[in-house]
file input_7.pdb (PDB, C-alpha atoms and all ligand atoms)
ATOM      1  CA  MET F  95     123.582  73.356 209.733
ATOM      2  CA  MET F  96     125.303  70.314 211.175
ATOM      3  CA  ASN F  97     125.716  71.983 214.572
ATOM      4  CA  ASP F  98     122.151  73.245 214.562
ATOM      5  CA  ARG F  99     121.039  69.738 213.928
ATOM      6  CA  ASN F 100     123.085  68.309 216.767
ATOM      7  CA  LYS F 101     121.728  70.916 219.145
ATOM      8  CA  ILE F 102     118.065  70.406 218.181
ATOM      9  CA  PHE F 103     118.564  66.697 218.429
ATOM     10  CA  GLU F 104     120.164  66.702 221.857
ATOM     11  CA  ASP F 105     117.606  69.076 223.328
ATOM     12  CA  ALA F 106     114.687  67.042 222.034
ATOM     13  CA  MET F 107     116.120  63.822 223.352
ATOM     14  CA  LYS F 108     116.787  65.264 226.792
ATOM     15  CA  GLN F 109     113.264  66.611 227.090
ATOM     16  CA  ASP F 110     111.150  63.869 225.626
ATOM     17  CA  SER F 111     112.809  60.543 225.981
ATOM     18  CA  PRO F 112     112.544  58.236 228.943
ATOM     19  CA  ILE F 113     115.967  56.622 228.471
ATOM     20  CA  GLY F 114     119.424  57.137 229.882
ATOM     21  CA  ALA F 115     122.153  59.373 228.489
ATOM     22  CA  ASP F 116     124.298  56.500 227.234
ATOM     23  CA  PHE F 117     121.415  55.121 225.155
ATOM     24  CA  ILE F 118     120.707  58.591 223.832
ATOM     25  CA  GLY F 119     124.343  58.937 222.822
ATOM     26  CA  THR F 120     124.344  55.647 220.930
ATOM     27  CA  ILE F 121     121.066  56.330 219.142
ATOM     28  CA  PHE F 122     122.196  59.845 218.346
ATOM     29  CA  LYS F 123     125.354  58.563 216.683
ATOM     30  CA  ARG F 124     123.511  56.013 214.601
ATOM     31  CA  VAL F 125     120.728  58.312 213.419
ATOM     32  CA  ASN F 126     123.298  60.970 212.686
ATOM     33  CA  SER F 127     125.270  58.590 210.537
ATOM     34  CA  VAL F 128     122.135  57.865 208.499
ATOM     35  CA  LEU F 129     121.579  61.614 208.140
ATOM     36  CA  SER F 130     125.192  62.260 207.228
ATOM     37  CA  TYR F 131     125.345  59.631 204.525
ATOM     38  CA  GLN F 132     125.834  61.228 201.161
ATOM     39  CA  PRO F 133     124.051  59.247 198.450
ATOM     40  CA  ALA F 134     125.710  59.236 195.034
ATOM     41  CA  VAL F 135     123.575  59.406 191.910
ATOM     42  CA  GLY F 136     125.150  58.678 188.525
ATOM     43  CA  VAL F 137     123.608  60.076 185.368
ATOM     44  CA  PHE F 138     124.600  58.012 182.335
ATOM     45  CA  GLY F 139     123.644  57.885 178.660
ATOM     46  CA  LYS F 140     124.496  58.923 175.138
ATOM     47  CA  THR F 141     125.915  62.306 174.370
ATOM     48  CA  GLY F 142     123.192  64.867 173.775
ATOM     49  CA  ALA F 143     120.490  62.753 175.452
ATOM     50  CA  GLY F 144     119.976  65.566 177.927
ATOM     51  CA  LYS F 145     121.775  64.266 181.024
ATOM     52  CA  SER F 146     122.909  67.690 182.160
ATOM     53  CA  SER F 147     119.546  69.280 181.307
ATOM     54  CA  LEU F 148     117.708  66.615 183.267
ATOM     55  CA  CYS F 149     119.978  67.029 186.303
ATOM     56  CA  ASN F 150     119.174  70.722 186.320
ATOM     57  CA  ALA F 151     115.454  70.159 185.883
ATOM     58  CA  VAL F 152     115.236  67.569 188.660
ATOM     59  CA  PHE F 153     117.682  68.901 191.216
ATOM     60  CA  GLY F 154     117.877  72.606 190.662
ATOM     61  CA  LYS F 155     118.847  75.415 188.439
ATOM     62  CA  ASP F 156     122.145  75.240 186.620
ATOM     63  CA  VAL F 157     123.866  72.591 188.688
ATOM     64  CA  CYS F 158     125.261  71.103 185.471
ATOM     65  CA  GLU F 159     126.648  72.659 182.315
ATOM     66  CA  ILE F 160     124.560  72.368 179.170
ATOM     67  CA  SER F 161     125.572  73.146 175.634
ATOM     68  CA  ASP F 162     123.848  73.049 172.277
ATOM     69  CA  ILE F 163     127.179  72.081 170.759
ATOM     70  CA  ALA F 164     127.717  68.330 170.411
ATOM     71  CA  GLY F 165     129.585  66.619 173.218
ATOM     72  CA  CYS F 166     129.349  69.166 175.957
ATOM     73  CA  THR F 167     130.251  67.331 179.146
ATOM     74  CA  ARG F 168     133.877  66.278 178.738
ATOM     75  CA  LYS F 169     134.760  65.178 182.203
ATOM     76  CA  PRO F 170     132.618  63.998 185.081
ATOM     77  CA  GLN F 171     130.993  66.882 186.878
ATOM     78  CA  GLU F 172     130.666  66.189 190.533
ATOM     79  CA  VAL F 173     128.062  68.405 192.085
ATOM     80  CA  ILE F 174     127.463  68.324 195.805
ATOM     81  CA  LEU F 175     123.946  69.429 196.599
ATOM     82  CA  GLU F 176     124.045  70.533 200.188
ATOM     83  CA  LEU F 177     120.697  70.770 201.876
ATOM     84  CA  GLY F 178     119.692  69.496 205.268
ATOM     85  CA  GLY F 179     122.621  67.189 205.796
ATOM     86  CA  LYS F 180     125.571  66.624 203.498
ATOM     87  CA  GLY F 181     123.244  66.478 200.510
ATOM     88  CA  ILE F 182     123.823  64.123 197.640
ATOM     89  CA  LYS F 183     126.618  63.634 195.186
ATOM     90  CA  LEU F 184     125.413  64.004 191.631
ATOM     91  CA  LEU F 185     127.684  62.604 188.933
ATOM     92  CA  ASP F 186     126.912  63.977 185.510
ATOM     93  CA  VAL F 187     129.276  61.991 183.314
ATOM     94  CA  PRO F 188     130.258  62.472 179.664
ATOM     95  CA  GLY F 189     127.934  60.848 177.154
ATOM     96  CA  VAL F 190     128.764  57.707 175.220
ATOM     97  CA  GLY F 191     128.272  57.054 171.506
ATOM     98  CA  GLU F 192     130.358  59.902 170.131
ATOM     99  CA  SER F 193     133.403  57.926 168.973
ATOM    100  CA  ASN F 194     134.857  54.469 169.559
ATOM    101  CA  GLU F 195     138.001  55.862 171.162
ATOM    102  CA  ARG F 196     136.036  57.931 173.648
ATOM    103  CA  ASP F 197     133.600  55.130 174.353
ATOM    104  CA  LYS F 198     136.439  52.901 175.534
ATOM    105  CA  GLU F 199     137.687  55.620 177.821
ATOM    106  CA  TYR F 200     134.205  56.383 179.135
ATOM    107  CA  ALA F 201     133.413  52.708 179.627
ATOM    108  CA  GLU F 202     136.339  52.617 182.058
ATOM    109  CA  LEU F 203     135.048  55.726 183.771
ATOM    110  CA  TYR F 204     131.523  54.330 184.136
ATOM    111  CA  ARG F 205     132.935  51.055 185.417
ATOM    112  CA  SER F 206     135.030  52.761 188.066
ATOM    113  CA  LEU F 207     132.142  54.945 189.246
ATOM    114  CA  LEU F 208     129.518  52.222 189.458
ATOM    115  CA  PRO F 209     130.550  50.590 192.742
ATOM    116  CA  GLU F 210     129.998  53.823 194.681
ATOM    117  CA  LEU F 211     126.625  54.713 193.160
ATOM    118  CA  ASP F 212     123.342  54.353 195.051
ATOM    119  CA  LEU F 213     121.295  54.985 191.933
ATOM    120  CA  VAL F 214     121.896  54.990 188.212
ATOM    121  CA  LEU F 215     119.735  57.202 186.061
ATOM    122  CA  TRP F 216     120.070  56.280 182.388
ATOM    123  CA  VAL F 217     118.993  59.027 180.027
ATOM    124  CA  ILE F 218     117.733  58.182 176.547
ATOM    125  CA  LYS F 219     116.717  60.600 173.837
ATOM    126  CA  GLY F 220     113.061  59.912 173.115
ATOM    127  CA  ASP F 221     113.230  60.589 169.402
ATOM    128  CA  ASP F 222     116.313  58.430 168.849
ATOM    129  CA  ARG F 223     115.778  55.516 166.512
ATOM    130  CA  ALA F 224     118.801  53.424 167.398
ATOM    131  CA  PHE F 225     119.596  52.363 170.918
ATOM    132  CA  SER F 226     122.437  49.976 170.055
ATOM    133  CA  SER F 227     125.181  51.879 171.880
ATOM    134  CA  ASP F 228     122.926  52.342 174.916
ATOM    135  CA  GLU F 229     122.179  48.633 174.815
ATOM    136  CA  THR F 230     125.825  47.601 174.595
ATOM    137  CA  PHE F 231     126.842  49.879 177.427
ATOM    138  CA  TYR F 232     123.984  48.830 179.602
ATOM    139  CA  LYS F 233     124.406  45.081 179.102
ATOM    140  CA  ASN F 234     128.186  45.080 179.479
ATOM    141  CA  LEU F 235     128.568  47.541 182.299
ATOM    142  CA  VAL F 236     125.474  48.395 184.257
ATOM    143  CA  LYS F 237     123.373  45.254 184.161
ATOM    144  CA  PRO F 238     125.550  43.308 186.629
ATOM    145  CA  TYR F 239     124.898  46.056 189.194
ATOM    146  CA  VAL F 240     121.191  46.166 188.458
ATOM    147  CA  ASP F 241     121.033  42.383 188.837
ATOM    148  CA  ASN F 242     122.562  42.893 192.286
ATOM    149  CA  GLY F 243     119.596  45.050 193.283
ATOM    150  CA  ARG F 244     121.042  48.485 192.605
ATOM    151  CA  PRO F 245     118.275  51.001 191.790
ATOM    152  CA  PHE F 246     118.152  51.778 188.080
ATOM    153  CA  VAL F 247     115.756  54.077 186.251
ATOM    154  CA  VAL F 248     115.603  54.978 182.573
ATOM    155  CA  ALA F 249     114.484  58.512 181.763
ATOM    156  CA  LEU F 250     113.054  58.577 178.253
ATOM    157  CA  ASN F 251     113.867  62.243 177.728
ATOM    158  CA  GLN F 252     112.905  64.811 175.094
ATOM    159  CA  VAL F 253     109.504  63.201 174.568
ATOM    160  CA  ASP F 254     108.268  66.634 173.472
ATOM    161  CA  LYS F 255     110.129  65.851 170.230
ATOM    162  CA  ILE F 256     108.408  62.538 169.576
ATOM    163  CA  GLU F 257     106.227  62.669 166.452
ATOM    164  CA  PRO F 258     103.840  64.275 165.848
ATOM    165  CA  PHE F 259     105.814  66.840 167.848
ATOM    166  CA  ARG F 260     103.556  69.681 166.711
ATOM    167  CA  GLU F 261     100.862  68.073 168.831
ATOM    168  CA  TRP F 262     102.661  68.993 172.058
ATOM    169  CA  ASP F 263     100.122  71.075 173.946
ATOM    170  CA  MET F 264     101.970  74.043 175.374
ATOM    171  CA  SER F 265      98.946  75.310 177.292
ATOM    172  CA  VAL F 266      98.797  72.238 179.530
ATOM    173  CA  ASN F 267     102.330  71.024 178.907
ATOM    174  CA  GLN F 268     101.210  67.578 177.755
ATOM    175  CA  PRO F 269     101.586  65.497 174.608
ATOM    176  CA  GLY F 270      98.671  65.325 172.194
ATOM    177  CA  ALA F 271      96.676  62.085 171.813
ATOM    178  CA  LYS F 272      98.632  60.524 168.932
ATOM    179  CA  GLN F 273     101.918  61.743 170.401
ATOM    180  CA  ALA F 274     101.023  60.244 173.806
ATOM    181  CA  SER F 275     100.367  56.894 172.190
ATOM    182  CA  ASN F 276     103.703  57.028 170.317
ATOM    183  CA  ILE F 277     105.476  57.922 173.564
ATOM    184  CA  GLU F 278     103.892  54.906 175.256
ATOM    185  CA  GLN F 279     105.004  52.722 172.335
ATOM    186  CA  LYS F 280     108.564  53.995 172.642
ATOM    187  CA  ARG F 281     108.478  53.386 176.366
ATOM    188  CA  LYS F 282     107.522  49.732 175.835
ATOM    189  CA  ASN F 283     110.202  49.407 173.204
ATOM    190  CA  VAL F 284     112.901  50.744 175.538
ATOM    191  CA  ALA F 285     111.710  48.574 178.448
ATOM    192  CA  ASP F 286     112.043  45.518 176.169
ATOM    193  CA  ILE F 287     115.519  46.464 175.005
ATOM    194  CA  PHE F 288     116.762  46.938 178.563
ATOM    195  CA  GLY F 289     114.798  43.994 179.908
ATOM    196  CA  LEU F 290     113.165  46.228 182.531
ATOM    197  CA  PRO F 291     109.622  46.490 183.860
ATOM    198  CA  LEU F 292     107.655  49.306 182.223
ATOM    199  CA  SER F 293     107.512  51.059 185.602
ATOM    200  CA  CYS F 294     111.261  51.713 185.420
ATOM    201  CA  VAL F 295     111.075  53.639 182.143
ATOM    202  CA  ILE F 296     109.713  57.129 182.731
ATOM    203  CA  PRO F 297     108.854  59.475 179.854
ATOM    204  CA  VAL F 298     110.115  62.987 180.609
ATOM    205  CA  SER F 299     111.034  66.276 179.019
ATOM    206  CA  ALA F 300     113.754  68.186 180.808
ATOM    207  CA  ASN F 301     113.093  71.314 178.770
ATOM    208  CA  GLU F 302     109.326  71.250 179.207
ATOM    209  CA  ARG F 303     109.539  70.098 182.844
ATOM    210  CA  TYR F 304     107.299  67.166 181.992
ATOM    211  CA  GLY F 305     107.183  63.860 183.899
ATOM    212  CA  LEU F 306     109.683  64.991 186.521
ATOM    213  CA  VAL F 307     107.377  64.300 189.472
ATOM    214  CA  GLN F 308     106.783  60.760 188.187
ATOM    215  CA  LEU F 309     110.515  60.270 187.707
ATOM    216  CA  VAL F 310     111.236  61.393 191.272
ATOM    217  CA  ASP F 311     108.395  59.185 192.596
ATOM    218  CA  ARG F 312     109.945  56.147 190.978
ATOM    219  CA  ILE F 313     113.453  57.000 192.165
ATOM    220  CA  ILE F 314     112.282  57.400 195.770
ATOM    221  CA  GLU F 315     110.348  54.120 195.600
ATOM    222  CA  LEU F 316     113.418  52.241 194.413
ATOM    223  CA  LEU F 317     115.933  53.625 196.912
ATOM    224  CA  PRO F 318     116.534  51.824 200.205
ATOM    225  CA  ASN F 319     114.754  53.199 203.308
ATOM    226  CA  ASP F 320     117.726  55.034 204.755
ATOM    227  CA  LYS F 321     118.424  56.982 201.523
ATOM    228  CA  LYS F 322     114.983  58.072 200.360
ATOM    229  CA  ALA F 323     114.650  61.226 202.475
ATOM    230  CA  ILE F 324     118.140  62.500 201.763
ATOM    231  CA  VAL F 325     117.698  62.161 197.999
ATOM    232  CA  LEU F 326     114.207  63.674 198.113
ATOM    233  CA  ASP F 327     115.611  66.597 200.064
ATOM    234  CA  ALA F 328     118.026  67.331 197.221
ATOM    235  CA  VAL F 329     115.222  67.403 194.650
ATOM    236  CA  LYS F 330     113.618  70.703 193.630
ATOM    237  CA  ALA F 331     110.459  71.383 195.665
ATOM    238  CA  ASP F 332     108.250  71.368 192.519
ATOM    239  CA  ASN F 333     109.230  67.788 191.805
ATOM    240  CA  ARG F 334     108.228  66.392 195.211
ATOM    241  CA  SER F 335     104.787  64.781 195.322
ATOM    242  CA  GLU F 336     102.817  63.850 198.427
ATOM    243  CA  HIS F 337     103.452  60.260 197.426
ATOM    244  CA  SER F 338     107.229  60.606 197.436
ATOM    245  CA  LYS F 339     107.161  62.580 200.696
ATOM    246  CA  THR F 340     105.133  59.853 202.414
ATOM    247  CA  GLU F 341     107.390  57.191 200.952
ATOM    248  CA  ALA F 342     110.510  58.997 202.187
ATOM    249  CA  LYS F 343     109.046  59.703 205.635
ATOM    250  CA  ASN F 344     107.932  56.133 206.183
ATOM    251  CA  GLY F 345     111.284  54.840 204.997
ATOM    252  CA  PHE F 346     113.141  57.077 207.395
ATOM    253  CA  LEU F 347     110.848  56.273 210.325
ATOM    254  CA  ASP F 348     111.234  52.537 209.681
ATOM    255  CA  GLU F 349     114.973  53.025 209.788
ATOM    256  CA  ILE F 350     114.731  54.936 213.082
ATOM    257  CA  VAL F 351     112.508  52.273 214.620
ATOM    258  CA  LYS F 352     115.084  49.684 213.574
ATOM    259  CA  ILE F 353     117.909  51.621 215.188
ATOM    260  CA  VAL F 354     116.042  52.434 218.414
ATOM    261  CA  THR F 355     114.792  48.865 218.797
ATOM    262  CA  GLU F 356     118.327  47.594 218.502
ATOM    263  CA  VAL F 357     119.668  50.022 221.093
ATOM    264  CA  VAL F 358     116.869  50.330 223.668
ATOM    265  CA  PRO F 359     115.986  47.056 225.314
ATOM    266  CA  LEU F 360     112.643  48.259 226.710
ATOM    267  CA  ALA F 361     109.736  48.100 224.284
ATOM    268  CA  PRO F 362     107.627  50.915 225.860
ATOM    269  CA  ALA F 363     110.496  53.373 225.538
ATOM    270  CA  VAL F 364     110.861  52.769 221.787
ATOM    271  CA  LYS F 365     107.718  54.662 220.853
ATOM    272  CA  ALA F 366     108.629  57.744 222.861
ATOM    273  CA  VAL F 367     112.160  57.835 221.522
ATOM    274  CA  VAL F 368     111.029  57.405 217.919
ATOM    275  CA  LYS F 369     108.555  60.237 218.414
ATOM    276  CA  ALA F 370     111.244  62.510 219.831
ATOM    277  CA  ILE F 371     113.528  61.744 216.904
ATOM    278  CA  SER F 372     110.867  62.256 214.263
ATOM    279  CA  ASN F 373     110.150  65.677 215.772
ATOM    280  CA  VAL F 374     113.763  66.539 215.179
ATOM    281  CA  ILE F 375     113.809  65.172 211.644
ATOM    282  CA  SER F 376     110.765  67.274 210.788
ATOM    283  CA  LYS F 377     112.850  70.356 211.536
ATOM    284  CA  ILE F 378     115.723  69.188 209.358
ATOM    285  CA  PHE F 379     113.745  68.452 206.194
ATOM    286  CA  SER F 380     111.580  71.389 205.157
ATOM    287  CA  TRP F 381     109.110  69.145 203.280
ATOM    288  CA  TRP F 382     108.585  66.657 206.146
TER     289      TRP F 382
HETATM  290  N1  LIG N   1     113.353  69.604 173.121
HETATM  291  C1  LIG N   1     114.114  69.181 174.118
HETATM  292  N2  LIG N   1     115.435  69.408 174.108
HETATM  293  C2  LIG N   1     116.183  68.944 175.143
HETATM  294  C3  LIG N   1     115.610  68.253 176.224
HETATM  295  N3  LIG N   1     116.606  67.906 177.098
HETATM  296  C4  LIG N   1     117.743  68.394 176.567
HETATM  297  N4  LIG N   1     117.515  69.020 175.404
HETATM  298  C5  LIG N   1     118.518  69.680 174.531
HETATM  299  O1  LIG N   1     119.452  68.727 174.084
HETATM  300  C6  LIG N   1     120.752  69.299 174.001
HETATM  301  C7  LIG N   1     121.766  68.452 174.786
HETATM  302  O2  LIG N   1     121.464  68.533 176.168
HETATM  303  P1  LIG N   1     122.545  68.238 177.308
HETATM  304  O3  LIG N   1     121.809  68.328 178.587
HETATM  305  O4  LIG N   1     123.764  69.075 177.137
HETATM  306  O5  LIG N   1     122.895  66.724 176.953
HETATM  307  P2  LIG N   1     123.985  65.762 177.668
HETATM  308  O6  LIG N   1     123.389  64.401 177.693
HETATM  309  O7  LIG N   1     124.399  66.340 178.954
HETATM  310  O8  LIG N   1     125.144  65.774 176.598
HETATM  311  P3  LIG N   1     126.727  65.471 176.856
HETATM  312  O9  LIG N   1     127.127  66.311 178.000
HETATM  313  O10 LIG N   1     127.338  65.842 175.559
HETATM  314  O11 LIG N   1     126.851  64.019 177.102
HETATM  315  C8  LIG N   1     120.626  70.725 174.503
HETATM  316  O12 LIG N   1     120.467  71.554 173.376
HETATM  317  C9  LIG N   1     119.341  70.698 175.320
HETATM  318  O13 LIG N   1     118.697  71.957 175.364
HETATM  319  C10 LIG N   1     114.182  68.024 176.211
HETATM  320  O14 LIG N   1     113.592  67.408 177.104
HETATM  321  N5  LIG N   1     113.501  68.503 175.125
HETATM  322 MG    MG N   2     126.239  66.907 179.692
END
call {"tool": "encode", "arguments": {"input": "input_7.pdb", "output": "structure tokens"}}
result
Amino acid sequence: MMNDRNKIFEDAMKQDSPIGADFIGTIFKRVNSVLSYQPAVGVFGKTGAGKSSLCNAVFGKDVCEISDIAGCTRKPQEVILELGGKGIKLLDVPGVGESNERDKEYAELYRSLLPELDLVLWVIKGDDRAFSSDETFYKNLVKPYVDNGRPFVVALNQVDKIEPFREWDMSVNQPGAKQASNIEQKRKNVADIFGLPLSCVIPVSANERYGLVQLVDRIIELLPNDKKAIVLDAVKADNRSEHSKTEAKNGFLDEIVKIVTEVVPLAPAVKAVVKAISNVISKIFSWW
């Protein structure tokens, strides 16, 4: 894949761009390093919240182990999703809230992982009543990173179980009216607890494949320009909306314009070079 990419890239640049070989080389290196970056996504939350299930639903079938037995994920599962470029690194970590001993150990683990993460996805069980362990973990560990501008999204998972759960409409895969209003209430509640805007708390159901497109939309919006396309590429095709595709494309093109403008001193050449590069990118990402 990597070699294919290099070849397509070089050919396109030779044909279409009005600049010299040394400029092409420099631009090539810089765009390639954006493409080769491997974003790391950490999936945190209480045990049994559905972290592993949600990873599978968002990114693909069976990338993470799931078990109906309590406390399934015992050590961090590092899954490399290789598509297009190097893909992304998905860290499905063990859940907190099982025992005090474990929580101390896992707090250390979360703390050590955080500096390398581009995005933290916090998974909460929608029908949980108490969020105190989530709150403690979030405030002590994650909040300093979020305050530094690190993208953070809460997935309010298992909303199919929120009362009255019998209202869940299987035919359209949507909550019933009363259930929808209780879900919205819970969402507000969680946003308050975490001190987040409502837009960062997304109601989902991993099992029912509900809300996943909205979750991906939000994630792509929050990521920096140079990482949107790579993360979107790792997401299952069903979960990519036109909105997130446009967002990821524009982000990537902005990044390319930035790079080319820095390297090529002549303004008229920039447009042609950017066009040549975006032609190449469109061959790398199937959804482009
Ligand atoms: N009804 C329903 N059940 C779910 C949903 N998501 C997960 N589950 C179930 O919840 C249980 C726990 O899911 P996991 O994905 O293993 O949870 P986890 O957060 O990875 O748990 P640990 O690895 O122990 O931290 C499994 O039985 C899942 O099938 C959902 O959206 N709706
Ligand atoms: Mg798990």
call {"tool": "residues_around", "arguments": {"input": "input_7.pdb", "residues": "Val310 of chain F", "least_positions_apart": "4", "cutoff": "12 Å", "atoms": "only C-alpha atoms", "output": "PyMOL selection string"}}
result
chain F and resi 148-149+151-153+213+215+247-249+294-298+304-306+314-317+322-323+325-339+341-342
call {"tool": "atom_distance", "arguments": {"input": "input_7.pdb", "atom1": "atom P3 of ligand LIG 1 (chain N)", "atom2": "atom CA of Ala224 of chain F"}}
result
17.2 Å
call {"tool": "atom_distance", "arguments": {"input": "input_7.pdb", "atom1": "atom CA of Asp311 of chain F", "atom2": "atom CA of Thr340 of chain F"}}
result
10.4 Å
call {"tool": "closest_residue", "arguments": {"input": "input_7.pdb", "among": "F:Arg260, F:Arg124, F:Lys255, F:Arg244", "to": "Ile313 of chain F", "atoms": "only C-alpha atoms"}}
result
F:Arg244
call {"tool": "closest_residue", "arguments": {"input": "input_7.pdb", "among": "F:Pro209, F:Gly114, F:Pro188, F:Pro133", "to": "ligand LIG 1 (chain N)", "atoms": "all atoms listed in the file"}}
result
F:Pro188
call {"tool": "atom_distance", "arguments": {"input": "input_7.pdb", "atom1": "atom CA of Ala274 of chain F", "atom2": "atom CA of Ile218 of chain F"}}
result
17.1 Å
call {"tool": "resolve_selection", "arguments": {"input": "input_7.pdb", "expression": "the PyMOL selection byres (((chain F and resi 126-131) around 8) and not hetatm)", "output": "PyMOL selection string"}}
result
chain F and resi 122-125+132-133+179-180+320-321+324
call {"tool": "build_atoms", "arguments": {"input": "input_7.pdb", "residues": "segment 211-232 of chain F", "atoms": "N, CA and C atoms", "output": "tab-separated table (two decimals), in the coordinates of the input"}}
result
chain	number	residue	atom	x	y	z
F	211	LEU	N	127.90	54.06	193.44
F	211	LEU	CA	126.62	54.71	193.16
F	211	LEU	C	125.45	54.05	193.88
F	212	ASP	N	124.56	54.87	194.42
F	212	ASP	CA	123.34	54.35	195.05
F	212	ASP	C	122.21	54.25	194.05
F	213	LEU	N	122.34	54.99	192.95
F	213	LEU	CA	121.30	54.98	191.93
F	213	LEU	C	121.92	55.34	190.59
F	214	VAL	N	121.48	54.62	189.57
F	214	VAL	CA	121.90	54.99	188.21
F	214	VAL	C	120.67	55.46	187.45
F	215	LEU	N	120.79	56.65	186.91
F	215	LEU	CA	119.74	57.20	186.06
F	215	LEU	C	120.28	57.18	184.63
F	216	TRP	N	119.61	56.39	183.77
F	216	TRP	CA	120.07	56.28	182.39
F	216	TRP	C	119.18	57.16	181.53
F	217	VAL	N	119.79	58.09	180.81
F	217	VAL	CA	118.99	59.03	180.03
F	217	VAL	C	119.05	58.65	178.55
F	218	ILE	N	117.85	58.53	177.96
F	218	ILE	CA	117.73	58.18	176.55
F	218	ILE	C	116.99	59.30	175.84
F	219	LYS	N	117.39	59.57	174.62
F	219	LYS	CA	116.72	60.60	173.84
F	219	LYS	C	115.49	59.98	173.19
F	220	GLY	N	114.32	60.51	173.54
F	220	GLY	CA	113.06	59.91	173.12
F	220	GLY	C	112.90	59.75	171.62
F	221	ASP	N	113.44	60.68	170.85
F	221	ASP	CA	113.23	60.59	169.40
F	221	ASP	C	114.38	59.87	168.69
F	222	ASP	N	115.27	59.27	169.45
F	222	ASP	CA	116.31	58.43	168.85
F	222	ASP	C	115.70	57.19	168.23
F	223	ARG	N	116.27	56.75	167.11
F	223	ARG	CA	115.78	55.52	166.51
F	223	ARG	C	116.62	54.31	166.94
F	224	ALA	N	117.92	54.55	167.09
F	224	ALA	CA	118.80	53.42	167.40
F	224	ALA	C	119.27	53.51	168.84
F	225	PHE	N	119.13	52.41	169.54
F	225	PHE	CA	119.60	52.36	170.92
F	225	PHE	C	120.77	51.41	171.09
F	226	SER	N	121.45	51.05	169.95
F	226	SER	CA	122.44	49.98	170.06
F	226	SER	C	123.60	50.32	170.99
F	227	SER	N	124.05	51.58	170.99
F	227	SER	CA	125.18	51.88	171.88
F	227	SER	C	124.71	51.91	173.34
F	228	ASP	N	123.48	52.39	173.56
F	228	ASP	CA	122.93	52.34	174.92
F	228	ASP	C	122.86	50.89	175.40
F	229	GLU	N	122.38	50.03	174.48
F	229	GLU	CA	122.18	48.63	174.82
F	229	GLU	C	123.50	47.95	175.18
F	230	THR	N	124.51	48.20	174.35
F	230	THR	CA	125.82	47.60	174.60
F	230	THR	C	126.38	48.06	175.94
F	231	PHE	N	126.32	49.35	176.17
F	231	PHE	CA	126.84	49.88	177.43
F	231	PHE	C	126.09	49.32	178.62
F	232	TYR	N	124.79	49.30	178.49
F	232	TYR	CA	123.98	48.83	179.60
F	232	TYR	C	124.29	47.37	179.90
